[in-house]
file structure-v5.txt (compact mmCIF, C-alpha atoms)
# COMPACT_ATOMS: atom_id res chain seq x y z
CA MET A 1 7.45 -13.45 37.81
CA GLY A 2 8.80 -15.69 35.09
CA ARG A 3 11.98 -16.77 33.33
CA ILE A 4 11.45 -15.77 29.73
CA LEU A 5 13.09 -16.58 26.39
CA ILE A 6 12.62 -13.92 23.70
CA VAL A 7 12.64 -15.04 20.06
CA ASP A 8 12.67 -12.42 17.31
CA ASP A 9 14.91 -11.91 14.28
CA THR A 10 15.25 -8.14 14.86
CA MET A 11 17.42 -6.90 17.66
CA PHE A 12 15.20 -3.82 18.00
CA MET A 13 12.12 -5.90 18.87
CA ARG A 14 14.13 -8.17 21.18
CA THR A 15 15.48 -5.15 23.04
CA LEU A 16 12.02 -3.58 23.27
CA LEU A 17 10.44 -6.77 24.62
CA LYS A 18 13.38 -7.24 27.00
CA ASN A 19 12.82 -3.75 28.42
CA ILE A 20 9.08 -4.25 28.77
CA LEU A 21 9.40 -7.66 30.43
CA PHE A 22 12.24 -6.55 32.67
CA SER A 23 10.18 -3.56 33.83
CA GLY A 24 7.48 -6.06 34.80
CA GLY A 25 9.95 -7.89 37.05
CA HIS A 26 10.59 -10.84 34.74
CA ASP A 27 13.93 -12.50 34.23
CA ILE A 28 15.10 -12.65 30.61
CA VAL A 29 17.03 -15.92 30.50
CA GLY A 30 17.88 -15.84 26.81
CA GLU A 31 17.31 -14.51 23.32
CA ALA A 32 17.16 -16.21 19.95
CA ALA A 33 17.07 -14.78 16.44
CA ASP A 34 15.40 -17.69 14.62
CA GLY A 35 13.36 -20.82 15.21
CA ALA A 36 16.26 -23.25 15.26
CA GLU A 37 18.12 -21.20 17.85
CA ALA A 38 14.87 -20.91 19.83
CA LEU A 39 14.49 -24.68 20.08
CA ALA A 40 18.13 -25.12 21.15
CA LYS A 41 17.83 -22.36 23.76
CA TYR A 42 14.52 -23.76 25.01
CA ARG A 43 16.07 -27.17 25.59
CA GLU A 44 19.08 -25.61 27.31
CA LEU A 45 17.32 -22.97 29.45
CA LYS A 46 13.88 -24.49 30.14
CA PRO A 47 12.19 -21.07 30.44
CA ASP A 48 8.74 -20.58 32.00
CA LEU A 49 7.56 -18.76 28.87
CA VAL A 50 8.67 -17.98 25.31
CA THR A 51 7.69 -14.92 23.26
CA MET A 52 7.97 -16.06 19.65
CA ASP A 53 7.99 -13.93 16.51
CA VAL A 54 6.05 -15.61 13.68
CA VAL A 55 7.96 -14.44 10.62
CA MET A 56 11.66 -15.30 10.90
CA PRO A 57 14.31 -16.59 8.50
CA ASN A 58 15.24 -20.30 8.36
CA VAL A 59 12.86 -21.93 10.84
CA ASN A 60 9.79 -19.68 11.30
CA GLY A 61 7.87 -19.13 14.52
CA ILE A 62 5.07 -21.62 13.83
CA GLU A 63 7.55 -24.41 13.04
CA ALA A 64 9.57 -23.52 16.13
CA LEU A 65 6.39 -23.49 18.24
CA LYS A 66 5.50 -26.99 16.99
CA ALA A 67 9.03 -28.25 17.71
CA ILE A 68 9.02 -26.79 21.22
CA LYS A 69 5.56 -28.25 21.96
CA ALA A 70 6.75 -31.64 20.66
CA ALA A 71 9.72 -31.49 23.02
CA ASP A 72 7.67 -30.15 25.95
CA PRO A 73 3.86 -30.30 25.64
CA ALA A 74 3.52 -28.02 28.71
CA ALA A 75 5.59 -25.23 27.13
CA LYS A 76 3.99 -21.78 27.34
CA VAL A 77 4.49 -19.77 24.16
CA ILE A 78 3.09 -16.37 23.24
CA MET A 79 3.23 -15.63 19.52
CA CYS A 80 4.17 -12.18 18.34
CA THR A 81 3.60 -10.81 14.87
CA ALA A 82 2.92 -7.72 12.80
CA VAL A 83 -0.45 -6.17 12.03
CA GLY A 84 -2.13 -7.86 9.07
CA GLN A 85 -0.91 -11.34 9.93
CA GLU A 86 -3.67 -12.07 12.41
CA GLN A 87 -4.76 -14.96 10.20
CA MET A 88 -1.82 -16.85 11.67
CA VAL A 89 -3.68 -16.91 14.99
CA LYS A 90 -5.72 -20.00 14.23
CA LEU A 91 -2.67 -21.87 13.04
CA ALA A 92 -0.67 -20.79 16.09
CA VAL A 93 -3.46 -21.62 18.53
CA LYS A 94 -3.93 -25.00 16.81
CA SER A 95 -0.21 -25.55 17.24
CA GLY A 96 -0.38 -24.85 20.96
CA ALA A 97 0.26 -21.11 21.42
CA ARG A 98 -1.18 -19.79 24.68
CA GLY A 99 -1.40 -16.12 23.65
CA TYR A 100 -0.91 -13.76 20.75
CA ILE A 101 0.45 -10.22 20.62
CA VAL A 102 0.36 -7.98 17.59
CA LYS A 103 3.09 -5.44 16.78
CA PRO A 104 3.05 -2.58 17.52
CA PHE A 105 2.19 -3.38 21.12
CA GLN A 106 1.90 -1.45 24.36
CA ALA A 107 3.82 -2.41 27.47
CA PRO A 108 0.95 -2.73 30.00
CA LYS A 109 -1.03 -5.06 27.74
CA VAL A 110 2.01 -7.22 26.99
CA LEU A 111 2.71 -7.58 30.72
CA GLU A 112 -0.94 -8.43 31.36
CA GLU A 113 -0.89 -11.13 28.68
CA VAL A 114 2.38 -12.58 30.00
CA LYS A 115 0.95 -12.61 33.53
CA ASN A 116 -2.21 -14.37 32.31
CA VAL A 117 -0.28 -17.03 30.45
CA LEU A 118 2.19 -17.60 33.28
CA SER A 119 -0.57 -18.00 35.85
CA ALA A 120 -2.76 -20.25 33.66
CA MET B 121 -43.66 6.86 27.15
CA LYS B 122 -41.70 5.40 30.04
CA SER B 123 -40.47 7.93 32.61
CA VAL B 124 -37.04 7.55 34.20
CA PRO B 125 -35.00 9.66 36.63
CA VAL B 126 -32.04 11.50 35.06
CA LYS B 127 -29.95 14.61 35.56
CA VAL B 128 -29.74 17.24 32.83
CA GLU B 129 -27.23 20.01 32.45
CA HIS B 130 -29.00 23.37 32.58
CA GLU B 131 -27.22 26.74 32.77
CA GLY B 132 -23.99 25.04 33.84
CA LYS B 133 -25.57 22.95 36.63
CA TRP B 134 -26.74 19.35 36.80
CA ILE B 135 -30.46 19.33 37.65
CA PRO B 136 -32.30 16.15 38.78
CA THR B 137 -35.43 15.61 36.68
CA THR B 138 -37.30 12.93 34.78
CA MET B 139 -37.12 11.91 31.18
CA GLY B 140 -39.60 10.07 28.99
CA ILE B 141 -38.22 7.57 26.50
CA GLY B 142 -40.68 6.71 23.74
CA GLU B 143 -40.59 4.76 20.49
CA ASP B 144 -39.86 7.76 18.27
CA ARG B 145 -38.98 10.58 20.68
CA PHE B 146 -37.71 11.48 24.13
CA ARG B 147 -38.97 14.09 26.52
CA ILE B 148 -37.06 16.01 29.17
CA ASP B 149 -39.20 17.43 31.95
CA THR B 150 -38.56 20.52 34.12
CA PRO B 151 -36.49 22.66 33.72
CA LEU B 152 -36.11 22.04 29.96
CA GLU B 153 -39.65 20.90 29.06
CA ARG B 154 -38.56 19.66 25.65
CA GLU B 155 -39.69 16.85 23.37
CA VAL B 156 -37.17 15.68 20.77
CA LEU B 157 -37.76 13.32 17.84
CA TYR B 158 -34.93 10.78 17.49
CA LYS B 159 -34.82 11.48 13.76
CA SER B 160 -33.88 15.12 14.50
CA VAL B 161 -30.73 13.98 16.35
CA VAL B 162 -27.57 14.62 14.34
CA ASP B 163 -24.94 13.58 16.86
CA LEU B 164 -24.52 11.44 19.94
CA GLU B 165 -21.48 11.37 22.19
CA ALA B 166 -21.06 9.08 25.18
CA LYS B 167 -18.98 9.86 28.21
CA LYS B 168 -18.89 8.15 31.60
CA ASN B 169 -22.51 7.85 32.76
CA GLN B 170 -23.64 10.62 30.44
CA VAL B 171 -24.58 11.30 26.86
CA VAL B 172 -24.45 14.47 24.81
CA ILE B 173 -27.24 14.64 22.24
CA THR B 174 -27.13 17.20 19.44
CA ALA B 175 -30.39 17.81 17.58
CA GLY B 176 -31.82 20.18 14.98
CA ALA B 177 -30.89 20.80 11.36
CA GLU B 178 -28.00 23.05 12.38
CA GLY B 179 -27.19 21.07 15.51
CA GLU B 180 -28.52 23.99 17.51
CA PHE B 181 -29.96 21.98 20.45
CA ILE B 182 -27.52 20.26 22.76
CA TYR B 183 -28.70 18.10 25.67
CA ARG B 184 -26.36 16.67 28.29
CA ILE B 185 -28.02 13.86 30.18
CA ALA B 186 -26.60 11.76 33.02
CA SER B 187 -28.17 8.56 34.27
CA VAL B 188 -27.48 4.93 35.06
CA GLU B 189 -26.04 2.79 32.27
CA LYS B 190 -29.27 0.82 31.79
CA VAL B 191 -31.30 3.97 31.02
CA LEU B 192 -28.61 5.43 28.78
CA ALA B 193 -28.31 2.14 26.87
CA VAL B 194 -32.03 2.21 25.98
CA LEU B 195 -31.83 5.87 24.98
CA LYS B 196 -28.68 5.34 22.90
CA LYS B 197 -30.22 2.38 21.08
CA PHE B 198 -33.29 4.40 20.02
CA ILE B 199 -31.11 7.30 18.91
CA ILE B 200 -28.57 5.21 16.99
CA THR B 201 -31.27 3.34 15.10
CA GLN B 202 -33.37 6.40 14.21
CA ALA B 203 -31.07 9.45 14.17
CA SER B 204 -30.19 11.38 11.05
CA ALA B 205 -27.00 9.45 10.21
CA TYR B 206 -25.44 7.19 7.60
CA ARG B 207 -26.47 3.73 8.80
CA LEU B 208 -25.69 0.25 7.61
CA ASN B 209 -26.28 -3.29 8.72
CA ALA B 210 -23.01 -5.05 9.36
CA PHE B 211 -21.11 -7.51 11.45
CA PHE B 212 -18.53 -5.99 13.76
CA MET B 213 -15.91 -7.15 16.20
CA SER B 214 -14.96 -4.54 18.78
CA PRO B 215 -12.54 -4.69 20.45
CA ALA B 216 -10.59 -7.34 18.52
CA ILE B 217 -7.12 -6.22 19.61
CA ARG B 218 -6.29 -4.05 22.62
CA GLY B 219 -2.81 -2.63 23.14
CA GLY B 220 -1.41 -5.15 20.67
CA VAL B 221 -2.89 -8.15 22.46
CA LEU B 222 -5.35 -10.19 20.47
CA ILE B 223 -8.59 -10.77 22.35
CA GLN B 224 -9.07 -14.48 21.88
CA ASN B 225 -12.74 -14.63 22.83
CA ALA B 226 -13.72 -11.67 20.62
CA GLN B 227 -16.81 -12.51 18.56
CA TRP B 228 -18.42 -11.13 15.43
CA GLU B 229 -21.65 -9.39 16.38
CA LYS B 230 -24.57 -8.81 14.05
CA GLY B 231 -25.90 -5.28 14.27
CA ALA B 232 -25.91 -1.82 12.80
CA ILE B 233 -23.34 0.89 12.33
CA ALA B 234 -24.29 4.54 12.49
CA VAL B 235 -21.83 7.15 11.32
CA MET B 236 -22.56 10.37 13.17
CA LYS B 237 -20.92 13.79 13.21
CA THR B 238 -18.29 13.03 15.85
CA GLY B 239 -18.18 9.27 15.98
CA ILE B 240 -19.06 5.84 14.66
CA TRP B 241 -21.50 3.75 16.67
CA PHE B 242 -21.65 -0.04 16.59
CA VAL B 243 -24.85 -1.37 18.06
CA SER B 244 -25.94 -4.96 18.54
CA GLN B 245 -28.40 -6.73 20.82
CA GLU B 246 -25.80 -6.79 23.63
CA ASN B 247 -23.36 -3.97 22.89
CA GLN B 248 -23.06 -0.31 22.07
CA VAL B 249 -19.60 0.79 21.12
CA CYS B 250 -18.61 4.33 20.13
CA ILE B 251 -15.44 5.26 18.29
CA PRO B 252 -14.96 9.03 18.39
CA LEU B 253 -13.61 10.17 15.01
CA GLU B 254 -10.99 12.37 16.71
CA ASP B 255 -9.55 9.26 18.39
CA VAL B 256 -9.21 7.21 15.18
CA THR B 257 -5.54 6.34 14.57
CA GLY B 258 -5.83 4.12 11.52
CA ILE B 259 -8.22 2.83 8.87
CA GLU B 260 -7.46 0.00 6.51
CA LEU B 261 -9.40 -1.98 3.95
CA THR B 262 -8.02 -5.45 4.45
CA SER B 263 -9.05 -9.10 4.49
CA ARG B 264 -9.59 -11.49 7.33
CA GLU B 265 -10.18 -15.20 7.52
CA ILE B 266 -13.75 -15.82 8.63
CA GLN B 267 -15.18 -19.34 8.58
CA GLU B 268 -12.25 -20.45 6.43
CA LYS B 269 -12.86 -17.77 3.79
CA ASP B 270 -10.83 -14.61 3.22
CA LEU B 271 -13.34 -11.78 3.42
CA ASP B 272 -12.89 -8.02 3.00
CA VAL B 273 -13.19 -6.00 6.19
CA VAL B 274 -12.52 -2.46 7.36
CA LYS B 275 -10.05 -2.32 10.23
CA ILE B 276 -10.36 0.70 12.51
CA ASP B 277 -7.78 1.56 15.17
CA HIS B 278 -8.59 4.12 17.81
CA LEU B 279 -7.20 5.38 21.10
CA SER B 280 -9.20 4.51 24.19
CA GLU B 281 -7.82 5.33 27.64
CA ASN B 282 -4.29 5.49 26.20
CA GLU B 283 -4.61 2.07 24.60
CA VAL B 284 -4.86 1.40 20.90
CA VAL B 285 -8.01 -0.60 20.23
CA THR B 286 -8.65 -2.38 16.92
CA SER B 287 -12.14 -3.10 15.61
CA PHE B 288 -13.29 -4.85 12.43
CA VAL B 289 -16.37 -4.22 10.30
CA LEU B 290 -17.71 -6.79 7.86
CA CYS B 291 -20.39 -6.03 5.26
CA PRO B 292 -20.79 -6.16 1.45
CA MET B 293 -17.81 -4.71 -0.43
CA THR B 294 -19.69 -1.73 -1.89
CA THR B 295 -20.81 -0.64 1.58
CA LEU B 296 -17.35 -1.27 3.01
CA GLN B 297 -15.87 0.99 0.36
CA VAL B 298 -18.35 3.77 1.25
CA LEU B 299 -17.53 3.40 4.94
CA TYR B 300 -13.80 3.31 4.27
CA ASN B 301 -13.93 6.42 2.06
CA PHE B 302 -16.01 8.29 4.62
CA LEU B 303 -13.63 7.43 7.45
CA LYS B 304 -10.58 8.35 5.36
CA GLU B 305 -12.11 11.72 4.64
CA ALA B 306 -13.29 12.34 8.20
CA THR B 307 -9.85 11.55 9.64
CA ARG B 308 -7.74 13.24 6.97
CA ASP B 309 -6.26 15.60 9.60
CA THR B 310 -4.35 12.78 11.27
CA GLU B 311 -2.92 11.29 8.06
CA VAL B 312 0.89 11.23 7.97
CA ASN B 313 2.15 12.53 4.66
CA GLU B 314 5.71 13.46 5.62
CA GLU B 315 8.68 11.11 5.46
CA ILE B 316 10.02 10.03 8.85
CA ASP B 317 13.63 8.96 9.08
CA PRO B 318 14.22 5.43 10.46
CA LEU B 319 15.71 6.59 13.77
CA ALA B 320 12.80 8.96 14.49
CA GLY B 321 10.49 6.09 13.50
CA GLN B 322 12.16 3.81 16.05
CA VAL B 323 11.84 6.48 18.73
CA ALA B 324 8.13 6.88 17.89
CA MET B 325 7.68 3.11 18.13
CA LEU B 326 9.34 3.03 21.57
CA VAL B 327 7.19 5.92 22.81
CA TYR B 328 4.12 4.03 21.54
CA SER B 329 5.24 0.95 23.47
CA GLY B 330 5.46 2.97 26.67
CA MET B 331 9.21 3.44 27.01
CA ASP B 332 10.40 6.54 28.87
CA SER B 333 13.23 8.83 27.71
CA SER B 334 16.02 7.11 29.64
CA ALA B 335 14.96 3.67 28.35
CA ILE B 336 14.90 5.04 24.79
CA GLU B 337 18.36 6.62 25.23
CA ASN B 338 19.75 3.30 26.49
CA MET B 339 18.10 1.16 23.85
CA LEU B 340 19.10 3.29 20.88
CA LYS B 341 22.41 4.52 22.39
CA LEU B 342 21.34 8.14 22.04
CA SER B 343 22.52 11.13 24.02
CA HIS B 344 20.01 13.30 25.84
CA LYS B 345 20.58 16.03 23.21
CA ASP B 346 20.07 13.64 20.27
CA LEU B 347 16.83 12.35 21.73
CA ASP B 348 15.62 15.89 22.39
CA ALA B 349 16.28 16.76 18.73
CA ILE B 350 14.24 13.75 17.61
CA TYR B 351 11.45 14.68 20.01
CA GLU B 352 11.45 18.19 18.48
CA LYS B 353 11.08 16.61 15.05
CA LEU B 354 8.13 14.46 16.20
CA LEU B 355 6.54 17.46 17.93
CA GLY B 356 7.00 19.60 14.83
CA MET B 357 5.28 16.97 12.67
CA GLY B 358 2.37 16.77 15.12
CA LEU B 359 3.13 13.12 15.87
CA ALA B 360 3.74 13.66 19.57
CA GLU B 361 2.86 16.07 22.32
CA VAL B 362 4.75 17.10 25.46
CA LEU B 363 3.61 15.08 28.46
CA TYR B 364 5.81 16.87 30.96
CA VAL B 365 9.23 18.53 31.04
CA ARG B 366 11.69 16.84 33.36
CA LYS B 367 14.55 18.83 34.89
CA GLU B 368 18.18 17.71 35.08
CA VAL B 369 19.96 19.38 38.02
CA GLN B 370 23.38 19.55 39.62
CA LEU B 371 24.08 20.35 43.25
CA THR B 372 25.06 23.82 44.46
CA PRO B 373 27.84 24.18 47.09
CA LYS B 374 25.07 24.17 49.70
CA GLY B 375 23.75 20.91 48.30
CA VAL B 376 27.21 19.34 48.25
CA ARG B 377 27.73 20.44 51.87
CA TYR B 378 24.42 18.83 52.86
CA ILE B 379 25.42 15.54 51.21
CA SER B 380 28.91 15.63 52.76
CA GLU B 381 27.40 16.14 56.21
CA THR B 382 24.82 13.43 55.71
CA VAL B 383 27.42 10.78 54.96
CA LYS B 384 29.70 11.65 57.89
CA SER B 385 29.84 8.77 60.35
CA PRO B 386 28.81 9.50 63.97
CA MET B 387 32.47 8.83 65.08
CA GLU B 388 33.80 11.89 63.18

call {"tool": "encode", "arguments": {"input": "structure-v5.txt", "output": "structure tokens"}}
result
Amino acid sequence: MGRILIVDDTMFMRTLLKNILFSGGHDIVGEAADGAEALAKYRELKPDLVTMDVVMPNVNGIEALKAIKAADPAAKVIMCTAVGQEQMVKLAVKSGARGYIVKPFQAPKVLEEVKNVLSA
Amino acid sequence: MKSVPVKVEHEGKWIPTTMGIGEDRFRIDTPLEREVLYKSVVDLEAKKNQVVITAGAEGEFIYRIASVEKVLAVLKKFIITQASAYRLNAFFMSPAIRGGVLIQNAQWEKGAIAVMKTGIWFVSQENQVCIPLEDVTGIELTSREIQEKDLDVVKIDHLSENEVVTSFVLCPMTTLQVLYNFLKEATRDTEVNEEIDPLAGQVAMLVYSGMDSSAIENMLKLSHKDLDAIYEKLLGMGLAEVLYVRKEVQLTPKGVRYISETVKSPME
């Protein structure tokens, strides 16, 4: 089970992910609503894994991913975005993302992906 | 014609027999004693370890055949490539996304697509994938980056074992348009034309994600009654179906007495 930081600009998606991850026995150590807050929280909380929305105001998910990987090359980040933005995958993978989930998502698959990334 | 052991459904029973699989036809031995040209097949459905083959101009002959996967794979390949169906050569990726999780090692496969009465078949050298039309949950003509070029693709979502699976089809635009139009028409029954209010939309999204009623009530700060009313709306629009009805109960005096006695300490 992991200590997870959830990054998404909508409270609805943060709450949904929190519920899914909590039901899988994970510990939600923090939440952030944009990339800048994500980096600050990552430095402060040192989570085992981050779920990161791609499209966010101010600092977007890809920029935040790059900043987190620069600060901690071993960081485990799963990117999370809406249908139709799958083209971002290559960019995210190139930037060091370990996994990718597409909204809308289903709880069992999200938990499976989180488990895979945590155990990798 | 190569003979293989199979079971066929005959008068409601599964009967062990043999089947011949040839280049242009198959043969089912006793008790059916039938020879069927692949080109007379109008539909093919696949279930676990069995196929249902519909043949004849009116679809009047139905054969249910069970066998090992290897045998069925050979049979399916002959049928898909020769049956009376709309067929096109295309690249496909299936599954590309499962339950919202992108499958990172998913590959484009070169093969053929056959659109049959009840489903779409993707067939390549290694794979045979069927998407039953009744399970299709979304069709979109969109673009996707392939070898650093944005190319038009048809994206098909369908339900498989309670998971939403996304597949992509890539072929020339004119063919894509034909495929897209056909799928739109064939799945018109599941199109959503009504307006859904934002709260009901959020509830639908949470149900999709696998949340149960109490989690939804907590997340959206809804009362049991409010959530029930939204469920009724979703049921009425055909967007949801009742999985089970859960009872809420309160204890009778007998029940209260039982609890009171249970918690009494042995000293009393």

call {"tool": "residues_around", "arguments": {"input": "structure-v5.txt", "residues": "Met56 of chain A", "least_positions_apart": "2", "cutoff": "12 Å", "atoms": "all atoms listed in the file", "output": "list of chain:residue names"}}
result
A:Val7, A:Asp8, A:Asp9, A:Thr10, A:Ala32, A:Ala33, A:Asp34, A:Gly35, A:Ala36, A:Glu37, A:Ala38, A:Met52, A:Asp53, A:Val54, A:Asn58, A:Val59, A:Asn60, A:Gly61, A:Ile62, A:Glu63, A:Ala64, A:Cys80, A:Thr81, A:Ala82

call {"tool": "residues_around", "arguments": {"input": "structure-v5.txt", "residues": "segment 89-100 of chain A", "least_positions_apart": "5", "cutoff": "6 Å", "atoms": "all atoms listed in the file", "output": "ChimeraX atom specification"}}
result
/A:66,77-80 /B:222

call {"tool": "atom_distance", "arguments": {"input": "structure-v5.txt", "atom1": "atom CA of Ala74 of chain A", "atom2": "atom CA of Ile4 of chain A"}}
result
14.6 Å

call {"tool": "interface_residues", "arguments": {"input": "structure-v5.txt", "of": "chain A", "to": "chain B", "cutoff": "6 Å", "atoms": "all atoms listed in the file", "output": "mmCIF file with C-alpha atoms, in the coordinates of the input"}}
result
data_model
loop_
_atom_site.group_PDB
_atom_site.id
_atom_site.type_symbol
_atom_site.label_atom_id
_atom_site.label_comp_id
_atom_site.auth_asym_id
_atom_site.auth_seq_id
_atom_site.Cartn_x
_atom_site.Cartn_y
_atom_site.Cartn_z
ATOM 1 C CA TYR A 100 -0.910 -13.760 20.750
ATOM 2 C CA ILE A 101 0.450 -10.220 20.620
ATOM 3 C CA VAL A 102 0.360 -7.980 17.590
ATOM 4 C CA LYS A 103 3.090 -5.440 16.780
ATOM 5 C CA PHE A 105 2.190 -3.380 21.120
ATOM 6 C CA GLN A 106 1.900 -1.450 24.360
ATOM 7 C CA ALA A 107 3.820 -2.410 27.470
ATOM 8 C CA LYS A 109 -1.030 -5.060 27.740
#

call {"tool": "atom_distance", "arguments": {"input": "structure-v5.txt", "atom1": "atom CA of Val256 of chain B", "atom2": "atom CA of Ser23 of chain A"}}
result
29.0 Å

call {"tool": "residues_near_point", "arguments": {"input": "structure-v5.txt", "point": "(-29.8, 21.8, 30.3)", "cutoff": "10 Å", "atoms": "all atoms listed in the file", "output": "CSV table (one decimal) with C-alpha atoms, in the coordinates of the input"}}
result
chain,number,residue,atom,x,y,z
B,127,LYS,CA,-30.0,14.6,35.6
B,128,VAL,CA,-29.7,17.2,32.8
B,129,GLU,CA,-27.2,20.0,32.4
B,130,HIS,CA,-29.0,23.4,32.6
B,131,GLU,CA,-27.2,26.7,32.8
B,132,GLY,CA,-24.0,25.0,33.8
B,133,LYS,CA,-25.6,23.0,36.6
B,134,TRP,CA,-26.7,19.4,36.8
B,135,ILE,CA,-30.5,19.3,37.6
B,148,ILE,CA,-37.1,16.0,29.2
B,150,THR,CA,-38.6,20.5,34.1
B,151,PRO,CA,-36.5,22.7,33.7
B,152,LEU,CA,-36.1,22.0,30.0
B,153,GLU,CA,-39.6,20.9,29.1
B,181,PHE,CA,-30.0,22.0,20.4
B,182,ILE,CA,-27.5,20.3,22.8
B,183,TYR,CA,-28.7,18.1,25.7
B,184,ARG,CA,-26.4,16.7,28.3
B,185,ILE,CA,-28.0,13.9,30.2

call {"tool": "atom_distance", "arguments": {"input": "structure-v5.txt", "atom1": "atom CA of Val171 of chain B", "atom2": "atom CA of His278 of chain B"}}
result
19.7 Å

call {"tool": "residues_around", "arguments": {"input": "structure-v5.txt", "residues": "Gly24 of chain A", "least_positions_apart": "2", "cutoff": "12 Å", "atoms": "only C-alpha atoms", "output": "number ranges by chain"}}
result
A: 1-4, 17-22, 26-28, 107-115

call {"tool": "closest_residue", "arguments": {"input": "structure-v5.txt", "among": "B:Thr310, B:Thr174, B:Ser287, B:Ser123", "to": "Glu229 of chain B", "atoms": "all atoms listed in the file"}}
result
B:Ser287

call {"tool": "residues_around", "arguments": {"input": "structure-v5.txt", "residues": "segment 290-302 of chain B", "least_positions_apart": "6", "cutoff": "7 Å", "atoms": "all atoms listed in the file", "output": "tab-separated table (two decimals) with C-alpha atoms, in the coordinates of the input"}}
result
chain	number	residue	atom	x	y	z
B	210	ALA	CA	-23.01	-5.05	9.36
B	211	PHE	CA	-21.11	-7.51	11.45
B	212	PHE	CA	-18.53	-5.99	13.76
B	261	LEU	CA	-9.40	-1.98	3.95
B	272	ASP	CA	-12.89	-8.02	3.00
B	273	VAL	CA	-13.19	-6.00	6.19
B	274	VAL	CA	-12.52	-2.46	7.36

call {"tool": "residues_around", "arguments": {"input": "structure-v5.txt", "residues": "Leu253 of chain B", "least_positions_apart": "5", "cutoff": "7 Å", "atoms": "all atoms listed in the file", "output": "ChimeraX atom specification"}}
result
/B:238-240,307

call {"tool": "closest_residue", "arguments": {"input": "structure-v5.txt", "among": "A:Ile6, A:Ala75, A:Leu16, A:Leu65", "to": "Leu118 of chain A", "atoms": "only C-alpha atoms"}}
result
A:Ala75

call {"tool": "residues_near_point", "arguments": {"input": "structure-v5.txt", "point": "(11.3, 15.3, 18.0)", "cutoff": "12 Å", "atoms": "all atoms listed in the file", "output": "list in words"}}
result
Ile316, Asp317, Leu319, Ala320, Gly321, Gln322, Val323, Ala324, Val327, Ser333, His344, Lys345, Asp346, Leu347, Asp348, Ala349, Ile350, Tyr351, Glu352, Lys353, Leu354, Leu355, Gly356, Met357, Gly358, Leu359, Ala360, Glu361 and Val362 of chain B

call {"tool": "build_atoms", "arguments": {"input": "structure-v5.txt", "residues": "segment 121-131 of chain B", "atoms": "N, CA, C and O atoms", "output": "compact mmCIF listing (two decimals), in the coordinates of the input"}}
result
# COMPACT_ATOMS: atom_id res chain seq x y z
N MET B 121 -45.08 6.51 27.01
CA MET B 121 -43.66 6.86 27.15
C MET B 121 -43.19 6.56 28.58
O MET B 121 -43.82 7.02 29.53
N LYS B 122 -42.16 5.80 28.70
CA LYS B 122 -41.70 5.40 30.04
C LYS B 122 -40.85 6.53 30.67
O LYS B 122 -39.96 7.06 30.02
N SER B 123 -41.18 6.85 31.92
CA SER B 123 -40.47 7.93 32.61
C SER B 123 -39.35 7.39 33.49
O SER B 123 -39.56 6.43 34.23
N VAL B 124 -38.18 8.01 33.39
CA VAL B 124 -37.04 7.55 34.20
C VAL B 124 -36.32 8.75 34.83
O VAL B 124 -36.32 9.83 34.25
N PRO B 125 -35.73 8.54 36.01
CA PRO B 125 -35.00 9.66 36.63
C PRO B 125 -33.64 9.88 35.95
O PRO B 125 -32.93 8.92 35.65
N VAL B 126 -33.34 11.14 35.67
CA VAL B 126 -32.04 11.50 35.06
C VAL B 126 -31.58 12.83 35.67
O VAL B 126 -32.31 13.45 36.44
N LYS B 127 -30.38 13.24 35.27
CA LYS B 127 -29.95 14.61 35.56
C LYS B 127 -29.66 15.26 34.22
O LYS B 127 -29.10 14.61 33.33
N VAL B 128 -30.05 16.54 34.08
CA VAL B 128 -29.74 17.24 32.83
C VAL B 128 -28.91 18.48 33.17
O VAL B 128 -29.06 19.07 34.24
N GLU B 129 -28.03 18.81 32.23
CA GLU B 129 -27.23 20.01 32.45
C GLU B 129 -28.06 21.23 31.99
O GLU B 129 -28.55 21.25 30.87
N HIS B 130 -28.22 22.18 32.90
CA HIS B 130 -29.00 23.37 32.58
C HIS B 130 -28.29 24.57 33.19
O HIS B 130 -28.05 24.61 34.39
N GLU B 131 -27.94 25.52 32.35
CA GLU B 131 -27.22 26.74 32.77
C GLU B 131 -26.01 26.39 33.62
O GLU B 131 -25.79 26.96 34.69
